[in-house]
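Remarks on the structure that follows.
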Amino acid sequence: MKTLVISLKIFLFFTILTGIIYPLLVTGITQVILPSKANGSLIIRGGKKVGSELIGQQFNSPLYFSSRPSAVSYNPLPSGGSNFGLTNMKLKKIADSCEKQFIAFNQLDSRTEIPSEMIFASASGLDPHISPGAALLQVDRITEARRFNAIQKQKLVQCIKVLTEPPQFLCLGEERINVLLLNLATDQIK
């Protein structure tokens with residue numbers, strides 16, 4: 001009986017320590033040191049939350065840059081990819097469909113090489129980035145939809161250049177652009 005009581009006390013102590021005290025301590029420290037990141041890197045415009053820098057969103061309007069496809073409809077709770085292998089015919093059909101949709105939506109020539117991120121979903125289904133090449137392929141559509149003149153179109157291309165992020169730690173991945181930040185910058189072009 002004595003061993004059982006000691007075991008329960010140890011269990012209770014570590015439950016309180018690791019289940020309550022430690023999470024509150026870490027949360028408190030991050031709220032002080034990195035409040036934006038601790039709260040999900042939310043972007044607020046005009047007092048309204050418009051999204052997170054970390055999670056992709058769907059943009060269907062011709063006025064905005066399109067995000068890469070998502071296997072989970074941009075829902076962060078069941079995050080995940082399709083898990084289809086490269087030889088899976090269902091993946092090929094999905095990729096062909098995404099490629100045709102991208103070409104049609106952006107009024108591109110059918111021989112245009114489409115960046116892979118606009119055809120395949122990310123591993124999480126939530127990646128908020130596209131390549132600069134994918135963004136540049138959408139410039140003409142957005143220019144036409146927003147009725148931009150040549151100067152505004154040039155500003156749009158400049159936004160792509162300015163918002164292009166280098167590979168992480170200068171060696172991991174490729175150049176990329178956060179689609180939400182790019183769309184917010186596009187809204188600012190006058």
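Quick note on naming: the chains in the structure tokens go A, B, ... in the order shown, residues restart at 1 in each chain, and ligands are numbered from 1 in order of appearance.
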Taking 2 positions as the minimum chain separation for residues in the same chain, which residues sit within 10 Å of Thr143 in chain A when counting only C-alpha atoms? Answer as a VMD selection string.
chain A and resid 62 to 64 138 to 141 145 to 150 152 to 154 156
Limited to C-alpha atoms, could you put the picked residues into a file as a short mmCIF file (atom, residue, chain, number, x, y, z; two decimals), in the first residue's frame?
```
data_model
loop_
_atom_site.label_atom_id
_atom_site.label_comp_id
_atom_site.auth_asym_id
_atom_site.auth_seq_id
_atom_site.Cartn_x
_atom_site.Cartn_y
_atom_site.Cartn_z
CA PRO A 62 -9.33 35.99 -60.83
CA LEU A 63 -8.30 39.10 -58.86
CA TYR A 64 -5.89 37.07 -56.71
CA GLN A 138 -0.62 34.53 -63.09
CA VAL A 139 0.34 38.20 -63.63
CA ASP A 140 -1.49 38.65 -66.95
CA ARG A 141 -4.74 37.20 -65.56
CA ALA A 145 -9.09 41.15 -64.00
CA ARG A 146 -8.06 44.26 -62.07
CA ARG A 147 -7.78 46.38 -65.23
CA PHE A 148 -4.23 47.38 -64.34
CA ASN A 149 -2.31 49.65 -66.67
CA ALA A 150 1.34 49.00 -67.63
CA GLN A 152 0.44 48.89 -62.21
CA LYS A 153 1.44 45.64 -63.92
CA GLN A 154 5.09 46.54 -63.36
CA LEU A 156 2.71 43.76 -59.49
#
```
Residues of range 10-156 of chain A in strand (DSSP E) according to DSSP, as a list in words?
Leu42, Ile43, Ile44, Arg45, Lys48, Lys49, Val50, Gly51, Ser52, His129 and Ile130 of chain A
Between A:Ser82, A:Thr30, A:Gln158, A:Ser97, which has the minimum distance to Ala185 in chain A (counting only C-alpha atoms)?
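The closest residue to Ala185 in chain A is A:Gln158.
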Between A:Gly125, A:Gly133, A:Pro76, A:Gly28, which residue has the minimum interatomic distance to Thr164 in chain A, considering only C-alpha atoms?
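Residue with the minimum atom-to-atom distance to Thr164 in chain A: A:Gly133.
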Near Leu181 in chain A, counting only C-alpha atoms, which residues have an atom at most 12 Å away, once you skip same-chain residues fewer than 5 positions from it, shown as number ranges by chain?
A: 41-45, 50-57, 64-65, 67, 128-130, 159-160, 162-165, 176, 186-188
For the residues in the current selection, export C-alpha atoms as an mmCIF file, in the first residue's frame.
```cif
data_model
loop_
_atom_site.group_PDB
_atom_site.id
_atom_site.type_symbol
_atom_site.label_atom_id
_atom_site.label_comp_id
_atom_site.auth_asym_id
_atom_site.auth_seq_id
_atom_site.Cartn_x
_atom_site.Cartn_y
_atom_site.Cartn_z
ATOM 1 C CA SER A 41 1.555 34.233 -37.160
ATOM 2 C CA LEU A 42 -1.873 35.730 -37.836
ATOM 3 C CA ILE A 43 -2.120 38.616 -40.271
ATOM 4 C CA ILE A 44 -4.509 41.379 -39.254
ATOM 5 C CA ARG A 45 -5.694 44.092 -41.649
ATOM 6 C CA VAL A 50 -7.275 37.684 -42.750
ATOM 7 C CA GLY A 51 -5.219 34.530 -42.310
ATOM 8 C CA SER A 52 -1.956 33.059 -41.139
ATOM 9 C CA GLU A 53 1.432 33.262 -42.794
ATOM 10 C CA LEU A 54 1.857 29.572 -42.008
ATOM 11 C CA ILE A 55 -1.262 28.010 -43.546
ATOM 12 C CA GLY A 56 -2.265 28.120 -47.194
ATOM 13 C CA GLN A 57 -5.665 29.398 -48.233
ATOM 14 C CA TYR A 64 -5.890 37.068 -56.711
ATOM 15 C CA PHE A 65 -2.916 34.770 -57.068
ATOM 16 C CA SER A 67 -2.419 28.908 -54.074
ATOM 17 C CA PRO A 128 1.244 28.781 -48.131
ATOM 18 C CA HIS A 129 3.980 29.265 -50.742
ATOM 19 C CA ILE A 130 4.356 29.083 -54.505
ATOM 20 C CA CYS A 159 5.780 42.861 -55.581
ATOM 21 C CA ILE A 160 6.677 39.340 -56.674
ATOM 22 C CA VAL A 162 10.228 41.968 -53.279
ATOM 23 C CA LEU A 163 8.216 39.220 -51.564
ATOM 24 C CA THR A 164 10.306 36.349 -52.933
ATOM 25 C CA GLU A 165 11.933 34.574 -49.995
ATOM 26 C CA ARG A 176 9.185 30.951 -52.668
ATOM 27 C CA THR A 186 -1.645 43.257 -54.732
ATOM 28 C CA ASP A 187 -4.632 44.892 -53.045
ATOM 29 C CA GLN A 188 -2.401 47.874 -52.197
#
```
Backbone-only DSSP, helix (DSSP H, G or I) members of chain A, as a PyMOL selection string
chain A and resi 2-33+35-38+89-105+116-118+132-136+139-146+150-163+179-187
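In this model, the gap between CA of Ile103 in chain A and CA of Phe120 in chain A comes to 14.3 Å.
Minimum atom-to-atom distance to Ala71 in chain A, evaluated using only C-alpha atoms, belongs to A:Cys98 out of A:Cys98, A:Ala104, A:Lys37, A:Ala135.
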Using CA of Pro69 in chain A and CA of Glu117 in chain A as the two end points, give the distance in Å to one decimal.
7.7 Å
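Coordinates place CA of Val72 in chain A at a distance of 10.0 Å from CA of Ser122 in chain A.
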